[in-house]
Amino acid sequence: MTSNQTTPNQQNQKLDETPQDAPTAATFVDNEVLKSQPVDIIVIGSGFGSAVTALRLAQKGHRVVMLERGKRWPVTDSQDTFSTMDKPDGRCAWLSDTTPVGDPVQVDRYIGVLERINGDGVSVLAGAGVGGGSLVYNGVTLLPHREIFQKVFGDRVDYFEMANVYYPRAQSVLGASTIPKHLLDNPAYAAAAEWLKLGHHAGLDAKLVPETLDWNVVAQELQGKRRPSVTAGEFWYGNNSGAKLSLDKNYLRFAEDSGLLKIVAKHEVTSINAGPDSRYVVLANEIDEHGKVLAERRFVAKRVFLGAGSIGTSRLLVKAKARGWLPQLNEHVGQHWGTNGDFFSEITGLQSYVDPIQCGTAPVAIEHLDNPVSPITLVCFADYFSRGNAGQVTSIGMSTGPAKGSFQYDASTDSVRLHWPAQDPEVDKIIRAATITYERLANAYRGPGKLKFRPVNRGIAHGRHRGRPGAHGDAQTHPVNAETCSHPVGGVVLDLATDNIGAVKNYKGLYVVDGALIPGHTACANPSFTIAALAERNIERILARDF
């Protein structure tokens with residue numbers, strides 16, 4: 001039996017089993033061999049869709065090579081893996097001279113964990129490193145409501161199948177759970193408790209949300225046994241305490257433990273070409289930790305799974321079509337992109353014991369799904385930039401934003417740029433809907449003093465606009481930033497650019513597995529959970545049909 005063959009028993013094993021005779025990691029081919037010989041399967045990127053895909057392929061006995069532009073970020077006993085918000089350095093930013101969030105601070109140029117991508121009309125935040133966006137997200141694992149989900153996917157994706165099979169399957173691996181009561185009752189979580197009460201007083205659905213956190217480690221932070229990280233407003237740049245259950249601790253680790261996944265880090269894919277013998281040629285720059293190109297590497301594979309994120313996957317395919325490398329890509333490639341209806345805002349004037357920096361990472365959501373303009377979900381999160389502002393809670397909001405963004409190739413710079421219609425009436429609906437929800441919350445506040453509310457505005461694209469807090473007892477909102485997106489989706493949409501399970505139309509063996517499949521938004525929820533569940537659905541069908 002050759003090295004890339006599987007036995008009938010391996011092929012018929014259940015998805016949740018690992019082949020009994022899988023080779024150990026030590027027997028897998030080394031990097032130099034990978035760079036010079038064809039491989040069966042390449043997965044580009046290591047975020048949610050890629051991680052799910054790699055695990056399920058490995059569990060069916062298939063060898064997988066994963067190319068990741070960033071580096072590994074193992075949390076060690078020294079608890080200093082990541083840059084911190086109070087003392088940022090190059091580890092926080094992907095090849096940038098300034099910090100990606102908050103007021104710009106000069107940093108050394110490094111392949112850090114968070115990239116800010118400035119398009120036309122929008123600024124997007126994207127993760128980098130082994131684990132992708134899971135390194136820098138707040139861990140919220142929120143199940144979308146059926147009615148809104150069906151407006152996104154129609155009958156193309158069965159919500160009941162997703163809710164009964166694939167969402168639970170993903171959650172079981174991710175390890176998401178809600179905050180324990182003893183932690184919510186801790187004074188450090190006063191902001192979250194206040195947010196929960198405020199939602200209830202407003203007659204809205206306020207609830208605890210599952211997060212991919214090890215709550216025992218969070219408790220150790222509060223007890224002084226671990227470095228404060230989740231409880232210090234850290235998540236944008238990673239968590240040093242080890243509390244975050246990022247993909248390198250579950251999906252990716254399980255896949256690597258099988259011996260069938262080889263992650264090749266610090267390899268930034270630059271192109272995908274149709275090669276001879278129905279194979280694909282993938283070119284990648286091997287880089288050092290400061291972004292210097294060490295060599296161009298050539299990989300050849302029969303099957304390629306694109307999971308470089310909504311931005312990365314869309315850019316690669318739009319460029320491949322424009323340059324004639326994949327000329328049969330259809331007209332939908334690079335279209336139907338959206339911001340997930342993202343916006344950020346702050347409420348001030350709550351009780352003075354509310355500390356905005358200590359409610360990590362994002363334990364409570366308020367849903368206003370019958371908002372007369374557009375449904376809204378608000379998730380409070382611990383915000384380092386609000387430090388010192390007692391009585392303040394910061395939130396990220398999500399709505400049903402339009403899928404009107406597009407990617408365009410610029411031949412003069414040989415690059416692909418994102419275009420977003422920031423002044424479109426459907427984009428403005430997000431601001432109007434958010435205003436209604438925040439007004440309702442402010443009017444429901446039962447603290448001391450006369451309540452005031454400042455209408456929501458757009459804010460600015462880099463960092464959040466800093467307004468003046470209201471006097472004690474005056475609940476107000478600061479202008480929201482609806483031009484920064486941390487949840488990009490779309491660009492290579494399911495059933496348009498691909499078939500119903502993510503196979504790219506006109507190209508056998510080429511698949512999309514990430515948020516690029518989702519048009520515009522994920523039904524007023526953080527996208528990671530839906531991306532993972534959709535990947536579970538799709539790879540199960542791909543394995544059954546194409547392997």
# chains A, B, ... in the order shown; residues from 1 in each chain; ligands from 1
>>> select_by_dssp(residues="stretch 41-267 of chain A", states="strand (DSSP E)", output="PyMOL selection string")
chain A and resi 41-44+64-67+114-118+123-127+205-208+261-264+267
>>> residues_around(residues="A:Val107", least_positions_apart="6", cutoff="10 Å", atoms="only C-alpha atoms", output="PyMOL selection string")
chain A and resi 87-93+95-99
>>> write_last_selection(atoms="all heavy atoms", output="mmCIF file, in the first residue's frame")
data_model
loop_
_atom_site.group_PDB
_atom_site.id
_atom_site.type_symbol
_atom_site.label_atom_id
_atom_site.label_comp_id
_atom_site.auth_asym_id
_atom_site.auth_seq_id
_atom_site.Cartn_x
_atom_site.Cartn_y
_atom_site.Cartn_z
ATOM 1 N N LYS A 87 1.276 47.589 26.892
ATOM 2 C CA LYS A 87 2.633 47.735 26.361
ATOM 3 C C LYS A 87 2.720 47.032 25.012
ATOM 4 O O LYS A 87 3.369 45.998 24.867
ATOM 5 C CB LYS A 87 3.655 47.154 27.342
ATOM 6 C CG LYS A 87 3.738 47.897 28.662
ATOM 7 C CD LYS A 87 4.779 47.276 29.579
ATOM 8 C CE LYS A 87 4.851 48.034 30.903
ATOM 9 N NZ LYS A 87 5.843 47.407 31.832
ATOM 10 N N PRO A 88 2.070 47.587 23.998
ATOM 11 C CA PRO A 88 2.033 46.903 22.696
ATOM 12 C C PRO A 88 3.403 46.891 22.025
ATOM 13 O O PRO A 88 4.198 47.821 22.169
ATOM 14 C CB PRO A 88 1.029 47.737 21.899
ATOM 15 C CG PRO A 88 1.081 49.096 22.513
ATOM 16 C CD PRO A 88 1.324 48.863 23.972
ATOM 17 N N ASP A 89 3.674 45.823 21.314
ATOM 18 C CA ASP A 89 4.877 45.739 20.496
ATOM 19 C C ASP A 89 4.515 45.042 19.189
ATOM 20 O O ASP A 89 3.337 44.814 18.904
ATOM 21 C CB ASP A 89 6.006 45.012 21.242
ATOM 22 C CG ASP A 89 5.614 43.617 21.712
ATOM 23 O OD1 ASP A 89 4.955 42.884 20.937
ATOM 24 O OD2 ASP A 89 5.956 43.247 22.854
ATOM 25 N N GLY A 90 5.494 44.688 18.402
ATOM 26 C CA GLY A 90 5.236 44.140 17.076
ATOM 27 C C GLY A 90 4.420 42.872 17.061
ATOM 28 O O GLY A 90 3.802 42.552 16.038
ATOM 29 N N ARG A 91 4.385 42.147 18.160
ATOM 30 C CA ARG A 91 3.611 40.912 18.194
ATOM 31 C C ARG A 91 2.116 41.147 18.012
ATOM 32 O O ARG A 91 1.370 40.221 17.693
ATOM 33 C CB ARG A 91 3.856 40.189 19.514
ATOM 34 C CG ARG A 91 5.260 39.626 19.685
ATOM 35 C CD ARG A 91 5.461 39.067 21.078
ATOM 36 N NE ARG A 91 5.387 40.114 22.095
ATOM 37 C CZ ARG A 91 5.380 39.876 23.404
ATOM 38 N NH1 ARG A 91 5.407 38.619 23.863
ATOM 39 N NH2 ARG A 91 5.318 40.881 24.265
ATOM 40 N N CYS A 92 1.661 42.369 18.198
ATOM 41 C CA CYS A 92 0.224 42.643 18.088
ATOM 42 C C CYS A 92 -0.221 42.879 16.656
ATOM 43 O O CYS A 92 -1.422 42.797 16.373
ATOM 44 C CB CYS A 92 -0.155 43.847 18.949
ATOM 45 S SG CYS A 92 0.308 45.461 18.270
ATOM 46 N N ALA A 93 0.687 43.182 15.744
ATOM 47 C CA ALA A 93 0.289 43.661 14.420
ATOM 48 C C ALA A 93 0.959 42.859 13.313
ATOM 49 O O ALA A 93 2.150 42.534 13.388
ATOM 50 C CB ALA A 93 0.645 45.136 14.272
ATOM 51 N N LEU A 95 2.780 42.855 10.236
ATOM 52 C CA LEU A 95 3.642 43.634 9.349
ATOM 53 C C LEU A 95 3.169 45.085 9.225
ATOM 54 O O LEU A 95 2.954 45.607 8.130
ATOM 55 C CB LEU A 95 3.727 42.965 7.980
ATOM 56 C CG LEU A 95 4.371 41.563 7.989
ATOM 57 C CD1 LEU A 95 4.378 40.965 6.592
ATOM 58 C CD2 LEU A 95 5.777 41.610 8.548
ATOM 59 N N SER A 96 3.024 45.720 10.378
ATOM 60 C CA SER A 96 2.595 47.112 10.429
ATOM 61 C C SER A 96 3.511 47.885 11.362
ATOM 62 O O SER A 96 4.102 47.321 12.287
ATOM 63 C CB SER A 96 1.153 47.200 10.939
ATOM 64 O OG SER A 96 0.758 48.543 11.144
ATOM 65 N N ASP A 97 3.625 49.188 11.109
ATOM 66 C CA ASP A 97 4.444 50.044 11.965
ATOM 67 C C ASP A 97 3.651 50.618 13.127
ATOM 68 O O ASP A 97 4.211 51.289 13.996
ATOM 69 C CB ASP A 97 5.043 51.195 11.137
ATOM 70 C CG ASP A 97 5.976 50.691 10.051
ATOM 71 O OD1 ASP A 97 6.709 49.719 10.307
ATOM 72 O OD2 ASP A 97 5.963 51.264 8.943
ATOM 73 N N THR A 98 2.332 50.389 13.123
ATOM 74 C CA THR A 98 1.479 50.911 14.192
ATOM 75 C C THR A 98 0.526 49.839 14.688
ATOM 76 O O THR A 98 0.251 48.846 13.995
ATOM 77 C CB THR A 98 0.651 52.126 13.716
ATOM 78 O OG1 THR A 98 -0.142 51.744 12.587
ATOM 79 C CG2 THR A 98 1.562 53.292 13.330
ATOM 80 N N THR A 99 -0.007 50.032 15.883
ATOM 81 C CA THR A 99 -0.965 49.094 16.460
ATOM 82 C C THR A 99 -2.253 49.076 15.638
ATOM 83 O O THR A 99 -2.667 50.108 15.094
ATOM 84 C CB THR A 99 -1.283 49.479 17.900
ATOM 85 O OG1 THR A 99 -1.672 50.865 17.939
ATOM 86 C CG2 THR A 99 -0.077 49.278 18.798
#
>>> closest_residue(among="A:Gly121, A:Gly447, A:Pro168, A:Pro356", to="A:Thr231", atoms="only C-alpha atoms")
A:Pro356
>>> closest_residue(among="A:Ser345, A:Thr313, A:Gln171, A:Thr212", to="A:Tyr511", atoms="only C-alpha atoms")
A:Thr313
>>> residues_around(residues="A:Glu268", least_positions_apart="5", cutoff="7 Å", atoms="only C-alpha atoms", output="PyMOL selection string")
chain A and resi 68-69+284-286
>>> residues_around(residues="stretch 125-141 of chain A", least_positions_apart="3", cutoff="6 Å", atoms="only C-alpha atoms", output="ChimeraX atom specification")
/A:46-47,70-72,113-116,210-212,235-238,246-248,361,486,529
>>> closest_residue(among="A:Ala163, A:Val282, A:Ala255, A:Val354", to="A:Ala188", atoms="only C-alpha atoms")
A:Val354
>>> residues_around(residues="A:Val364", least_positions_apart="2", cutoff="8 Å", atoms="only C-alpha atoms", output="list in words")
Ala192, Trp195, Leu196, Ala206, Lys207, Leu208, Val209, Ala362, Ile366, Val379 and Cys380 of chain A
>>> atom_distance(atom1="atom CA of A:Thr530", atom2="atom CA of A:Gln423")
27.9 Å
>>> residues_around(residues="A:Ala54", least_positions_apart="6", cutoff="12 Å", atoms="only C-alpha atoms", output="ChimeraX atom specification")
/A:15,41-48,60-67,247,250-263,304-307,513,532,535-536,539-540,543
>>> atom_distance(atom1="atom CA of A:Arg56", atom2="atom CA of A:Thr498")
20.3 Å
>>> residues_around(residues="A:Arg387", least_positions_apart="5", cutoff="12 Å", atoms="only C-alpha atoms", output="list of chain:residue names")
A:Met85, A:Asp86, A:Ala232, A:Gly233, A:Glu234, A:Val354, A:Asp355, A:Pro356, A:Ile357, A:Gln358, A:Cys359, A:Ala382, A:Gln392, A:Val393, A:Thr394
>>> write_last_selection(atoms="C-alpha atoms", output="PDB file, in the first residue's frame")
ATOM      1  CA  MET A  85      -2.671  46.285  25.384  1.00  0.00           C
ATOM      2  CA  ASP A  86      -0.788  48.403  27.899  1.00  0.00           C
ATOM      3  CA  ALA A 232      -7.712  42.681  32.056  1.00  0.00           C
ATOM      4  CA  GLY A 233      -9.548  43.411  28.811  1.00  0.00           C
ATOM      5  CA  GLU A 234      -7.181  41.358  26.650  1.00  0.00           C
ATOM      6  CA  VAL A 354     -18.993  49.013  36.956  1.00  0.00           C
ATOM      7  CA  ASP A 355     -15.433  48.584  35.668  1.00  0.00           C
ATOM      8  CA  PRO A 356     -15.397  48.335  31.871  1.00  0.00           C
ATOM      9  CA  ILE A 357     -12.050  46.554  31.715  1.00  0.00           C
ATOM     10  CA  GLN A 358     -13.138  43.547  33.792  1.00  0.00           C
ATOM     11  CA  CYS A 359     -15.873  41.492  32.157  1.00  0.00           C
ATOM     12  CA  ALA A 382     -14.100  43.914  28.366  1.00  0.00           C
ATOM     13  CA  GLN A 392     -19.060  52.329  31.245  1.00  0.00           C
ATOM     14  CA  VAL A 393     -19.804  49.228  29.161  1.00  0.00           C
ATOM     15  CA  THR A 394     -18.499  48.700  25.634  1.00  0.00           C
TER      16      THR A 394
END
>>> atom_distance(atom1="atom CA of A:Asn239", atom2="atom CA of A:Pro363")
15.8 Å
>>> closest_residue(among="A:Val52, A:Val152, A:Leu326, A:Ala295", to="A:Arg169", atoms="only C-alpha atoms")
A:Val52
>>> select_by_dssp(residues="stretch 91-252 of chain A", states="helix (DSSP H, G or I)", output="ChimeraX atom specification")
/A:91-92,132-135,146-153,159-174,181-184,187-201,215-222,230-232,247-249,251-252
